[in-house]
Amino acid sequence: MMRRYVTEKNLLREVTDFRPGAWVNLVNPSLEECLLVAREFQVDIADIRAALDDEESSRVDVSNDYTLILFDIPSIEYRHKREAYTTIPLGLIFAGDTLISVCAEDTPVLKSFADNMVKEFSTKKQIRFIYQIFLRTCVLYQSYLRIVDRRRKEIEEHIGGDTEDVDLIDLHELESNLVYFDTSLRANKMVLERLVRYSKIKKYPEDQELLEDVVVENQQAIEMTQIYRDIIKGTRELLSAVIDNRLNTAMKYLASITIVMAIPTIISGIYGMNVDEKWMPLANTPFGFGIICLITLGLCLIVIRILRKRKML
């Protein structure tokens with residue numbers, strides 16, 4: 001899908017033609033749309049379709065005709081019937097006085113611009129527009145990171161209560177999300193460093209402060225990711241220790257019960273041996289069976305008390 005926008009009187013509106021100062025937004029474009037844009041702006045079609053490859057690495061390519069900026073943005077997907085986070089490439093091509101954005105899906109990063117939710121936004125100020133897209137990307141990363149941390153807290157709240165193995169799986173999924181974020185954010189950091197260094201990309205004094213804010217926000221997102229990864233790792237280890245401790249406690253109780261039940265089993269086994277009854281104690285004593293049962297019960301109670309003193313019951 002291809003849409004073209006232009007800002008007039010601080011309002012964004014959609015147009016149907018290519019014009020100077022426009023923003024061309026390609027969302028999962030077809031090959032025909034890519035060819036049309038490539039011919040119109042003299043751009044290599046491979047650079048246009050680079051953002052459609054999930055394995056494409058973040059980079060900045062500066063040529064005489066246009067500049068390609070490729071970086072990763074956060075995205076929502078479903079893994080194992082659960083909502084999870086990943087990252088996908090977003091390509092920005094600065095060709096003359098037109099900015100071309102290419103993404104495999106309709107992302108909230110660009111949707112906020114298309115819905116006129118960003119202040120001081122103009123399609124005619126392409127460099128500032130690029131920095132604003134980076135800033136919205138960093139903000140979205142931080143928003144998703146807070147959601148991940150909130151889910152981690154929900155799991156922590158019932159540790160020691162109805163903790164289940166599924167909680168370990170959920171923590172693993174959260175940690176996987178942070179791995180994707182950390183890798184992409186560090187790659188984006190390299191892209192920002194190149195944008196700061198490259199002299200071929202025009203830098204305006206009024207946009208320099210915005211670029212510095214983007215660098216700070218991206219670094220903050222990296223630090224948040226690392227902190228949350230460490231916390232989730234500790235939570236996962238704690239949860240695993242709690243489950244192991246419950247297993248050990250259950251095995252201890254089962255062993256104690258086995259010891260107590262072994263006493264009547266041994267006594268009944270002895271009295272069930274095929275020997276002359278005159279050799280069996282209390283065989284000819286009135287109420288002998290009841291006396292043996294009481295003795296067995298007494299021995300069981302003594303063993304139970306010993307086990308309780310040793311905190312095995």
# chains A, B, ... in the order shown; residues from 1 in each chain; ligands from 1
call {"tool": "residues_around", "arguments": {"residues": "region 146-157 of chain A", "least_positions_apart": "6", "cutoff": "12 Å", "atoms": "only C-alpha atoms", "output": "PyMOL selection string"}}
result
chain A and resi 76+83-85+139-140+163-178+181+221+224-239+242
call {"tool": "write_last_selection", "arguments": {"atoms": "N, CA and C atoms", "output": "CSV table (one decimal), in the first residue's frame"}}
result
chain,number,residue,atom,x,y,z
A,76,ILE,N,4.6,-5.9,17.5
A,76,ILE,CA,3.9,-6.9,18.3
A,76,ILE,C,3.6,-8.1,17.4
A,83,GLU,N,0.8,-12.8,23.2
A,83,GLU,CA,1.3,-11.6,22.7
A,83,GLU,C,2.7,-11.4,23.1
A,84,ALA,N,3.6,-11.2,22.1
A,84,ALA,CA,5.0,-11.0,22.4
A,84,ALA,C,5.5,-9.8,21.5
A,85,TYR,N,6.8,-9.4,21.8
A,85,TYR,CA,7.4,-8.3,21.1
A,85,TYR,C,8.6,-8.8,20.3
A,139,VAL,N,10.6,6.2,22.1
A,139,VAL,CA,9.5,6.3,23.0
A,139,VAL,C,8.7,5.0,23.0
A,140,LEU,N,8.4,4.4,21.8
A,140,LEU,CA,7.7,3.2,21.7
A,140,LEU,C,8.5,2.0,22.3
A,163,THR,N,2.3,-20.7,42.1
A,163,THR,CA,3.3,-20.7,41.1
A,163,THR,C,3.3,-22.0,40.3
A,164,GLU,N,3.3,-21.8,39.0
A,164,GLU,CA,3.3,-23.0,38.1
A,164,GLU,C,4.5,-22.9,37.1
A,165,ASP,N,4.6,-24.0,36.4
A,165,ASP,CA,5.7,-24.1,35.4
A,165,ASP,C,5.5,-23.1,34.3
A,166,VAL,N,4.2,-22.8,34.0
A,166,VAL,CA,3.9,-21.8,32.9
A,166,VAL,C,4.5,-20.5,33.2
A,167,ASP,N,4.7,-20.1,34.5
A,167,ASP,CA,5.3,-18.9,34.8
A,167,ASP,C,6.7,-18.8,34.3
A,168,LEU,N,7.4,-19.9,34.4
A,168,LEU,CA,8.8,-20.0,33.9
A,168,LEU,C,8.8,-19.8,32.4
A,169,ILE,N,7.8,-20.3,31.7
A,169,ILE,CA,7.7,-20.2,30.3
A,169,ILE,C,7.5,-18.7,29.9
A,170,ASP,N,6.6,-18.1,30.7
A,170,ASP,CA,6.3,-16.6,30.5
A,170,ASP,C,7.5,-15.8,30.7
A,171,LEU,N,8.3,-16.1,31.7
A,171,LEU,CA,9.5,-15.3,32.0
A,171,LEU,C,10.5,-15.5,30.9
A,172,HIS,N,10.6,-16.7,30.4
A,172,HIS,CA,11.5,-16.9,29.2
A,172,HIS,C,11.1,-16.1,28.0
A,173,GLU,N,9.7,-16.0,27.8
A,173,GLU,CA,9.3,-15.2,26.6
A,173,GLU,C,9.6,-13.8,26.8
A,174,LEU,N,9.4,-13.3,28.1
A,174,LEU,CA,9.8,-11.9,28.3
A,174,LEU,C,11.2,-11.6,28.1
A,175,GLU,N,12.1,-12.6,28.6
A,175,GLU,CA,13.5,-12.4,28.4
A,175,GLU,C,13.9,-12.4,26.9
A,176,SER,N,13.2,-13.3,26.1
A,176,SER,CA,13.4,-13.3,24.7
A,176,SER,C,13.1,-12.0,24.0
A,177,ASN,N,12.0,-11.3,24.5
A,177,ASN,CA,11.6,-10.0,23.9
A,177,ASN,C,12.7,-9.0,24.2
A,178,LEU,N,13.3,-9.1,25.4
A,178,LEU,CA,14.3,-8.1,25.7
A,178,LEU,C,15.6,-8.4,24.9
A,181,PHE,N,15.0,-6.6,21.7
A,181,PHE,CA,15.1,-5.2,21.9
A,181,PHE,C,16.6,-4.7,22.1
A,221,ALA,N,16.8,3.7,26.6
A,221,ALA,CA,16.1,2.5,26.3
A,221,ALA,C,17.0,1.3,26.4
A,224,MET,N,17.4,0.6,30.1
A,224,MET,CA,16.2,0.0,30.7
A,224,MET,C,16.2,-1.5,30.3
A,225,THR,N,16.5,-1.8,29.0
A,225,THR,CA,16.5,-3.2,28.6
A,225,THR,C,17.5,-4.1,29.4
A,226,GLN,N,18.7,-3.5,29.6
A,226,GLN,CA,19.7,-4.3,30.4
A,226,GLN,C,19.2,-4.5,31.8
A,227,ILE,N,18.6,-3.5,32.4
A,227,ILE,CA,18.1,-3.6,33.8
A,227,ILE,C,17.0,-4.6,33.9
A,228,TYR,N,16.1,-4.5,33.0
A,228,TYR,CA,14.9,-5.5,33.0
A,228,TYR,C,15.4,-6.9,32.7
A,229,ARG,N,16.4,-7.1,31.9
A,229,ARG,CA,16.9,-8.4,31.6
A,229,ARG,C,17.5,-9.0,32.9
A,230,ASP,N,18.3,-8.2,33.6
A,230,ASP,CA,18.9,-8.7,34.9
A,230,ASP,C,17.8,-9.0,35.9
A,231,ILE,N,16.8,-8.2,36.0
A,231,ILE,CA,15.7,-8.4,37.0
A,231,ILE,C,15.0,-9.7,36.6
A,232,ILE,N,14.6,-9.9,35.3
A,232,ILE,CA,13.9,-11.1,34.9
A,232,ILE,C,14.7,-12.3,35.1
A,233,LYS,N,16.0,-12.2,34.9
A,233,LYS,CA,16.9,-13.3,35.1
A,233,LYS,C,16.9,-13.7,36.6
A,234,GLY,N,16.9,-12.7,37.5
A,234,GLY,CA,16.9,-13.0,38.9
A,234,GLY,C,15.5,-13.6,39.3
A,235,THR,N,14.4,-13.1,38.7
A,235,THR,CA,13.1,-13.6,39.0
A,235,THR,C,12.9,-15.0,38.6
A,236,ARG,N,13.5,-15.3,37.4
A,236,ARG,CA,13.4,-16.7,36.9
A,236,ARG,C,14.2,-17.6,37.8
A,237,GLU,N,15.3,-17.2,38.2
A,237,GLU,CA,16.1,-18.1,39.1
A,237,GLU,C,15.4,-18.3,40.5
A,238,LEU,N,14.7,-17.2,41.0
A,238,LEU,CA,14.0,-17.3,42.2
A,238,LEU,C,12.8,-18.3,42.0
A,239,LEU,N,12.1,-18.1,40.9
A,239,LEU,CA,10.9,-19.0,40.6
A,239,LEU,C,11.3,-20.4,40.5
A,242,VAL,N,12.0,-21.7,44.0
A,242,VAL,CA,10.8,-22.0,44.7
A,242,VAL,C,10.2,-23.3,44.3
call {"tool": "residues_around", "arguments": {"residues": "region 94-97 of chain A", "least_positions_apart": "2", "cutoff": "7 Å", "atoms": "only C-alpha atoms", "output": "PyMOL selection string"}}
result
chain A and resi 20-21+41+65-68+92+99-100
call {"tool": "write_last_selection", "arguments": {"atoms": "all heavy atoms", "output": "PDB file, in the first residue's frame"}}
result
ATOM      1  N   PRO A  20       7.010  17.996  -4.604  1.00  0.00           N
ATOM      2  CA  PRO A  20       8.124  18.357  -3.723  1.00  0.00           C
ATOM      3  C   PRO A  20       7.639  18.541  -2.272  1.00  0.00           C
ATOM      4  O   PRO A  20       6.547  19.062  -2.022  1.00  0.00           O
ATOM      5  CB  PRO A  20       8.622  19.679  -4.299  1.00  0.00           C
ATOM      6  CG  PRO A  20       8.190  19.653  -5.740  1.00  0.00           C
ATOM      7  CD  PRO A  20       6.885  18.921  -5.748  1.00  0.00           C
ATOM      8  N   GLY A  21       8.466  18.099  -1.343  1.00  0.00           N
ATOM      9  CA  GLY A  21       8.133  18.250   0.073  1.00  0.00           C
ATOM     10  C   GLY A  21       7.122  17.247   0.561  1.00  0.00           C
ATOM     11  O   GLY A  21       6.524  17.447   1.621  1.00  0.00           O
ATOM     12  N   PHE A  41      11.962   8.480  -8.325  1.00  0.00           N
ATOM     13  CA  PHE A  41      13.007   9.176  -7.559  1.00  0.00           C
ATOM     14  C   PHE A  41      14.411   8.655  -7.851  1.00  0.00           C
ATOM     15  O   PHE A  41      15.358   9.019  -7.136  1.00  0.00           O
ATOM     16  CB  PHE A  41      12.713   9.046  -6.051  1.00  0.00           C
ATOM     17  CG  PHE A  41      11.409   9.658  -5.643  1.00  0.00           C
ATOM     18  CD1 PHE A  41      10.274   8.869  -5.466  1.00  0.00           C
ATOM     19  CD2 PHE A  41      11.287  11.025  -5.449  1.00  0.00           C
ATOM     20  CE1 PHE A  41       9.065   9.431  -5.079  1.00  0.00           C
ATOM     21  CE2 PHE A  41      10.083  11.594  -5.072  1.00  0.00           C
ATOM     22  CZ  PHE A  41       8.965  10.790  -4.887  1.00  0.00           C
ATOM     23  N   ASP A  65      22.820  10.637  -4.900  1.00  0.00           N
ATOM     24  CA  ASP A  65      21.425  10.871  -5.286  1.00  0.00           C
ATOM     25  C   ASP A  65      20.452  10.790  -4.109  1.00  0.00           C
ATOM     26  O   ASP A  65      19.456  11.514  -4.086  1.00  0.00           O
ATOM     27  CB  ASP A  65      21.011   9.862  -6.353  1.00  0.00           C
ATOM     28  CG  ASP A  65      21.849  10.003  -7.621  1.00  0.00           C
ATOM     29  OD1 ASP A  65      22.222  11.146  -7.942  1.00  0.00           O
ATOM     30  OD2 ASP A  65      22.123   8.966  -8.257  1.00  0.00           O
ATOM     31  N   TYR A  66      20.726   9.927  -3.171  1.00  0.00           N
ATOM     32  CA  TYR A  66      19.798   9.761  -2.054  1.00  0.00           C
ATOM     33  C   TYR A  66      20.531   9.152  -0.865  1.00  0.00           C
ATOM     34  O   TYR A  66      21.666   8.678  -0.983  1.00  0.00           O
ATOM     35  CB  TYR A  66      18.608   8.889  -2.451  1.00  0.00           C
ATOM     36  CG  TYR A  66      18.975   7.488  -2.862  1.00  0.00           C
ATOM     37  CD1 TYR A  66      19.040   6.444  -1.927  1.00  0.00           C
ATOM     38  CD2 TYR A  66      19.262   7.193  -4.200  1.00  0.00           C
ATOM     39  CE1 TYR A  66      19.379   5.161  -2.313  1.00  0.00           C
ATOM     40  CE2 TYR A  66      19.596   5.910  -4.588  1.00  0.00           C
ATOM     41  CZ  TYR A  66      19.652   4.898  -3.652  1.00  0.00           C
ATOM     42  OH  TYR A  66      20.000   3.631  -4.026  1.00  0.00           O
ATOM     43  N   THR A  67      19.844   9.154   0.285  1.00  0.00           N
ATOM     44  CA  THR A  67      20.385   8.590   1.526  1.00  0.00           C
ATOM     45  C   THR A  67      19.416   7.556   2.060  1.00  0.00           C
ATOM     46  O   THR A  67      18.211   7.818   2.168  1.00  0.00           O
ATOM     47  CB  THR A  67      20.593   9.685   2.588  1.00  0.00           C
ATOM     48  OG1 THR A  67      21.510  10.654   2.086  1.00  0.00           O
ATOM     49  CG2 THR A  67      21.145   9.088   3.878  1.00  0.00           C
ATOM     50  N   LEU A  68      19.936   6.371   2.365  1.00  0.00           N
ATOM     51  CA  LEU A  68      19.134   5.290   2.940  1.00  0.00           C
ATOM     52  C   LEU A  68      19.488   5.129   4.416  1.00  0.00           C
ATOM     53  O   LEU A  68      20.655   4.968   4.761  1.00  0.00           O
ATOM     54  CB  LEU A  68      19.374   3.968   2.202  1.00  0.00           C
ATOM     55  CG  LEU A  68      18.796   2.709   2.871  1.00  0.00           C
ATOM     56  CD1 LEU A  68      17.273   2.762   2.894  1.00  0.00           C
ATOM     57  CD2 LEU A  68      19.281   1.450   2.159  1.00  0.00           C
ATOM     58  N   LEU A  92      14.095   4.493   5.722  1.00  0.00           N
ATOM     59  CA  LEU A  92      13.838   5.891   5.383  1.00  0.00           C
ATOM     60  C   LEU A  92      14.786   6.283   4.260  1.00  0.00           C
ATOM     61  O   LEU A  92      16.009   6.162   4.399  1.00  0.00           O
ATOM     62  CB  LEU A  92      14.056   6.798   6.600  1.00  0.00           C
ATOM     63  CG  LEU A  92      13.167   6.535   7.820  1.00  0.00           C
ATOM     64  CD1 LEU A  92      13.544   7.471   8.964  1.00  0.00           C
ATOM     65  CD2 LEU A  92      11.696   6.688   7.478  1.00  0.00           C
ATOM     66  N   LEU A  99      10.754  12.470   1.354  1.00  0.00           N
ATOM     67  CA  LEU A  99      11.114  11.398   2.283  1.00  0.00           C
ATOM     68  C   LEU A  99      10.232  10.188   1.988  1.00  0.00           C
ATOM     69  O   LEU A  99       9.008  10.293   1.955  1.00  0.00           O
ATOM     70  CB  LEU A  99      10.919  11.843   3.738  1.00  0.00           C
ATOM     71  CG  LEU A  99      11.314  10.798   4.784  1.00  0.00           C
ATOM     72  CD1 LEU A  99      12.810  10.520   4.739  1.00  0.00           C
ATOM     73  CD2 LEU A  99      10.910  11.240   6.183  1.00  0.00           C
ATOM     74  N   ILE A 100      10.876   9.042   1.793  1.00  0.00           N
ATOM     75  CA  ILE A 100      10.177   7.788   1.513  1.00  0.00           C
ATOM     76  C   ILE A 100      10.381   6.855   2.693  1.00  0.00           C
ATOM     77  O   ILE A 100      11.514   6.593   3.100  1.00  0.00           O
ATOM     78  CB  ILE A 100      10.709   7.121   0.225  1.00  0.00           C
ATOM     79  CG1 ILE A 100      10.641   8.104  -0.953  1.00  0.00           C
ATOM     80  CG2 ILE A 100       9.932   5.855  -0.093  1.00  0.00           C
ATOM     81  CD1 ILE A 100      11.407   7.638  -2.176  1.00  0.00           C
TER      82      ILE A 100
END
call {"tool": "closest_residue", "arguments": {"among": "A:Thr265, A:Thr86, A:Thr7, A:Ser184", "to": "Ser58 (chain A)", "atoms": "only C-alpha atoms"}}
result
A:Ser184
call {"tool": "closest_residue", "arguments": {"among": "A:Ile69, A:Leu52, A:Ile263, A:Ile127", "to": "Thr98 (chain A)", "atoms": "only C-alpha atoms"}}
result
A:Ile127
call {"tool": "select_by_dssp", "arguments": {"residues": "region 55-110 of chain A", "states": "strand (DSSP E)", "output": "MDAnalysis selection string"}}
result
chainID A and resid 59:62 66:79 82:95 98:103
call {"tool": "write_last_selection", "arguments": {"atoms": "N, CA and C atoms", "output": "CSV table (one decimal), in the first residue's frame"}}
result
chain,number,residue,atom,x,y,z
A,59,ARG,N,21.6,0.2,9.1
A,59,ARG,CA,22.8,0.8,8.4
A,59,ARG,C,22.4,2.2,7.9
A,60,VAL,N,23.4,2.9,7.5
A,60,VAL,CA,23.2,4.2,6.8
A,60,VAL,C,24.0,4.2,5.5
A,61,ASP,N,23.4,4.4,4.4
A,61,ASP,CA,24.1,4.4,3.1
A,61,ASP,C,23.9,5.8,2.5
A,62,VAL,N,24.9,6.5,2.3
A,62,VAL,CA,24.8,7.9,1.7
A,62,VAL,C,25.5,7.9,0.3
A,66,TYR,N,20.7,9.9,-3.2
A,66,TYR,CA,19.8,9.8,-2.1
A,66,TYR,C,20.5,9.2,-0.9
A,67,THR,N,19.8,9.2,0.3
A,67,THR,CA,20.4,8.6,1.5
A,67,THR,C,19.4,7.6,2.1
A,68,LEU,N,19.9,6.4,2.4
A,68,LEU,CA,19.1,5.3,2.9
A,68,LEU,C,19.5,5.1,4.4
A,69,ILE,N,18.5,5.2,5.3
A,69,ILE,CA,18.6,4.9,6.7
A,69,ILE,C,17.8,3.8,7.1
A,70,LEU,N,18.4,2.7,7.5
A,70,LEU,CA,17.7,1.5,7.9
A,70,LEU,C,17.9,1.2,9.4
A,71,PHE,N,16.8,1.1,10.1
A,71,PHE,CA,16.9,0.8,11.6
A,71,PHE,C,15.8,0.0,12.0
A,72,ASP,N,15.8,-0.6,13.2
A,72,ASP,CA,14.8,-1.5,13.7
A,72,ASP,C,13.8,-0.7,14.6
A,73,ILE,N,12.6,-1.1,14.5
A,73,ILE,CA,11.5,-0.6,15.3
A,73,ILE,C,10.8,-1.7,16.0
A,74,PRO,N,10.2,-1.5,17.2
A,74,PRO,CA,9.5,-2.6,17.9
A,74,PRO,C,8.2,-2.9,17.2
A,75,SER,N,7.8,-4.2,17.4
A,75,SER,CA,6.5,-4.7,16.8
A,75,SER,C,5.9,-5.7,17.6
A,76,ILE,N,4.6,-5.9,17.5
A,76,ILE,CA,3.9,-6.9,18.3
A,76,ILE,C,3.6,-8.1,17.4
A,77,GLU,N,3.9,-9.3,17.9
A,77,GLU,CA,3.6,-10.6,17.2
A,77,GLU,C,3.0,-11.6,18.2
A,78,TYR,N,2.5,-12.7,17.7
A,78,TYR,CA,2.0,-13.7,18.6
A,78,TYR,C,2.8,-15.0,18.5
A,79,ARG,N,3.4,-15.4,19.7
A,79,ARG,CA,4.2,-16.6,19.7
A,79,ARG,C,3.6,-17.5,20.8
A,82,ARG,N,0.5,-16.3,22.6
A,82,ARG,CA,0.7,-15.2,23.5
A,82,ARG,C,1.2,-14.0,22.8
A,83,GLU,N,0.8,-12.8,23.2
A,83,GLU,CA,1.3,-11.6,22.7
A,83,GLU,C,2.7,-11.4,23.1
A,84,ALA,N,3.6,-11.2,22.1
A,84,ALA,CA,5.0,-11.0,22.4
A,84,ALA,C,5.5,-9.8,21.5
A,85,TYR,N,6.8,-9.4,21.8
A,85,TYR,CA,7.4,-8.3,21.1
A,85,TYR,C,8.6,-8.8,20.3
A,86,THR,N,8.8,-8.1,19.1
A,86,THR,CA,10.0,-8.4,18.3
A,86,THR,C,10.3,-7.1,17.7
A,87,THR,N,11.2,-7.1,16.7
A,87,THR,CA,11.6,-5.9,16.0
A,87,THR,C,11.6,-6.2,14.5
A,88,ILE,N,11.3,-5.1,13.8
A,88,ILE,CA,11.3,-5.2,12.3
A,88,ILE,C,12.0,-4.0,11.7
A,89,PRO,N,12.5,-4.1,10.5
A,89,PRO,CA,13.2,-3.0,9.9
A,89,PRO,C,12.3,-1.9,9.4
A,90,LEU,N,12.7,-0.7,9.5
A,90,LEU,CA,12.0,0.5,8.9
A,90,LEU,C,13.1,1.2,8.1
A,91,GLY,N,12.7,1.4,6.8
A,91,GLY,CA,13.6,2.1,5.9
A,91,GLY,C,13.2,3.6,5.6
A,92,LEU,N,14.1,4.5,5.7
A,92,LEU,CA,13.8,5.9,5.4
A,92,LEU,C,14.8,6.3,4.3
A,93,ILE,N,14.2,6.7,3.2
A,93,ILE,CA,15.0,7.1,2.0
A,93,ILE,C,14.8,8.6,1.8
A,94,PHE,N,15.9,9.4,1.9
A,94,PHE,CA,15.8,10.8,1.7
A,94,PHE,C,16.3,11.1,0.3
A,95,ALA,N,15.4,11.3,-0.6
A,95,ALA,CA,15.7,11.6,-2.0
A,95,ALA,C,15.3,13.0,-2.4
A,98,THR,N,12.1,14.8,-0.9
A,98,THR,CA,11.0,13.9,-0.6
A,98,THR,C,11.6,12.8,0.4
A,99,LEU,N,10.8,12.5,1.4
A,99,LEU,CA,11.1,11.4,2.3
A,99,LEU,C,10.2,10.2,2.0
A,100,ILE,N,10.9,9.0,1.8
A,100,ILE,CA,10.2,7.8,1.5
A,100,ILE,C,10.4,6.9,2.7
A,101,SER,N,9.3,6.4,3.3
A,101,SER,CA,9.4,5.4,4.4
A,101,SER,C,8.8,4.1,3.9
A,102,VAL,N,9.5,3.0,4.3
A,102,VAL,CA,9.2,1.7,3.8
A,102,VAL,C,9.2,0.7,5.1
A,103,CYS,N,8.0,0.0,5.2
A,103,CYS,CA,7.9,-0.9,6.4
A,103,CYS,C,7.0,-2.0,6.0
call {"tool": "residues_around", "arguments": {"residues": "Gln208 (chain A)", "least_positions_apart": "2", "cutoff": "12 Å", "atoms": "only C-alpha atoms", "output": "JSON, numbers by chain"}}
result
{"A": [127, 128, 131, 132, 195, 196, 202, 203, 204, 205, 206, 210, 211, 212, 213, 214, 215]}
call {"tool": "write_last_selection", "arguments": {"atoms": "N, CA, C and O atoms", "output": "short mmCIF file (atom, residue, chain, number, x, y, z; two decimals), in the first residue's frame"}}
result
data_model
loop_
_atom_site.label_atom_id
_atom_site.label_comp_id
_atom_site.auth_asym_id
_atom_site.auth_seq_id
_atom_site.Cartn_x
_atom_site.Cartn_y
_atom_site.Cartn_z
N ILE A 127 14.89 16.34 7.36
CA ILE A 127 15.87 15.95 8.38
C ILE A 127 15.23 15.93 9.75
O ILE A 127 15.40 14.98 10.54
N ARG A 128 14.48 16.98 10.05
CA ARG A 128 13.78 17.02 11.33
C ARG A 128 12.75 15.89 11.42
O ARG A 128 12.57 15.27 12.48
N TYR A 131 14.50 12.72 12.40
CA TYR A 131 14.83 12.70 13.83
C TYR A 131 13.58 12.47 14.68
O TYR A 131 13.64 11.78 15.71
N GLN A 132 12.46 13.03 14.26
CA GLN A 132 11.21 12.82 14.99
C GLN A 132 10.76 11.36 14.92
O GLN A 132 10.24 10.82 15.90
N LEU A 195 24.87 9.07 11.92
CA LEU A 195 24.16 10.30 11.55
C LEU A 195 24.82 11.53 12.16
O LEU A 195 24.83 12.60 11.55
N VAL A 196 25.36 11.36 13.35
CA VAL A 196 26.04 12.49 14.00
C VAL A 196 27.34 12.80 13.28
O VAL A 196 27.72 13.97 13.11
N LYS A 202 22.85 16.94 5.80
CA LYS A 202 22.74 18.31 6.28
C LYS A 202 22.20 18.34 7.70
O LYS A 202 21.23 17.65 8.03
N LYS A 203 22.83 19.16 8.51
CA LYS A 203 22.40 19.31 9.90
C LYS A 203 22.10 20.78 10.15
O LYS A 203 22.93 21.65 9.90
N TYR A 204 20.91 21.03 10.64
CA TYR A 204 20.50 22.40 10.94
C TYR A 204 20.59 22.63 12.44
O TYR A 204 20.31 21.72 13.24
N PRO A 205 20.98 23.83 12.84
CA PRO A 205 21.16 24.09 14.29
C PRO A 205 19.90 23.81 15.10
O PRO A 205 19.99 23.29 16.22
N GLU A 206 18.73 24.10 14.54
CA GLU A 206 17.50 23.90 15.30
C GLU A 206 17.17 22.41 15.47
O GLU A 206 16.37 22.03 16.34
N LEU A 210 17.34 18.21 18.87
CA LEU A 210 16.45 17.06 18.72
C LEU A 210 17.25 15.78 18.53
O LEU A 210 16.92 14.74 19.10
N LEU A 211 18.31 15.84 17.73
CA LEU A 211 19.17 14.67 17.53
C LEU A 211 19.82 14.24 18.84
O LEU A 211 19.92 13.04 19.13
N GLU A 212 20.25 15.20 19.63
CA GLU A 212 20.84 14.87 20.94
C GLU A 212 19.81 14.20 21.84
O GLU A 212 20.14 13.27 22.58
N ASP A 213 18.56 14.67 21.79
CA ASP A 213 17.50 14.03 22.57
C ASP A 213 17.27 12.59 22.13
O ASP A 213 17.04 11.71 22.96
N VAL A 214 17.34 12.36 20.82
CA VAL A 214 17.16 11.00 20.29
C VAL A 214 18.26 10.09 20.81
O VAL A 214 18.00 8.95 21.23
N VAL A 215 19.51 10.57 20.80
CA VAL A 215 20.63 9.77 21.28
C VAL A 215 20.44 9.43 22.76
O VAL A 215 20.67 8.29 23.19
#
call {"tool": "residues_around", "arguments": {"residues": "Lys119 (chain A)", "least_positions_apart": "2", "cutoff": "10 Å", "atoms": "only C-alpha atoms", "output": "mmCIF file with N, CA and C atoms, in the first residue's frame"}}
result
data_model
loop_
_atom_site.group_PDB
_atom_site.id
_atom_site.type_symbol
_atom_site.label_atom_id
_atom_site.label_comp_id
_atom_site.auth_asym_id
_atom_site.auth_seq_id
_atom_site.Cartn_x
_atom_site.Cartn_y
_atom_site.Cartn_z
ATOM 1 N N ASN A 10 0.334 23.484 8.831
ATOM 2 C CA ASN A 10 0.532 22.628 10.015
ATOM 3 C C ASN A 10 -0.437 21.455 10.089
ATOM 4 N N LEU A 11 -1.073 21.124 8.982
ATOM 5 C CA LEU A 11 -1.971 19.977 8.939
ATOM 6 C C LEU A 11 -1.514 19.019 7.852
ATOM 7 N N PHE A 113 2.240 10.011 13.079
ATOM 8 C CA PHE A 113 2.425 11.141 12.156
ATOM 9 C C PHE A 113 1.240 11.228 11.192
ATOM 10 N N ASN A 116 -1.774 12.979 12.593
ATOM 11 C CA ASN A 116 -1.569 14.345 13.080
ATOM 12 C C ASN A 116 -1.448 14.423 14.603
ATOM 13 N N MET A 117 -0.763 13.452 15.187
ATOM 14 C CA MET A 117 -0.601 13.417 16.634
ATOM 15 C C MET A 117 0.742 13.989 17.086
ATOM 16 N N PHE A 121 5.355 19.225 13.238
ATOM 17 C CA PHE A 121 5.739 18.231 12.245
ATOM 18 C C PHE A 121 5.440 18.759 10.851
ATOM 19 N N SER A 122 6.429 18.622 9.963
ATOM 20 C CA SER A 122 6.258 19.069 8.591
ATOM 21 C C SER A 122 6.984 18.111 7.663
ATOM 22 N N GLN A 132 12.460 13.030 14.259
ATOM 23 C CA GLN A 132 11.213 12.819 14.994
ATOM 24 C C GLN A 132 10.765 11.360 14.925
#
call {"tool": "select_by_dssp", "arguments": {"residues": "region 17-253 of chain A", "states": "helix (DSSP H, G or I)", "output": "VMD selection string"}}
result
chain A and resid 31 to 41 45 to 52 108 to 114 126 to 157 165 to 197 205 to 253
call {"tool": "closest_residue", "arguments": {"among": "A:Ile159, A:Val27, A:Ala187, A:Leu12", "to": "Ser57 (chain A)", "atoms": "only C-alpha atoms"}}
result
A:Ala187
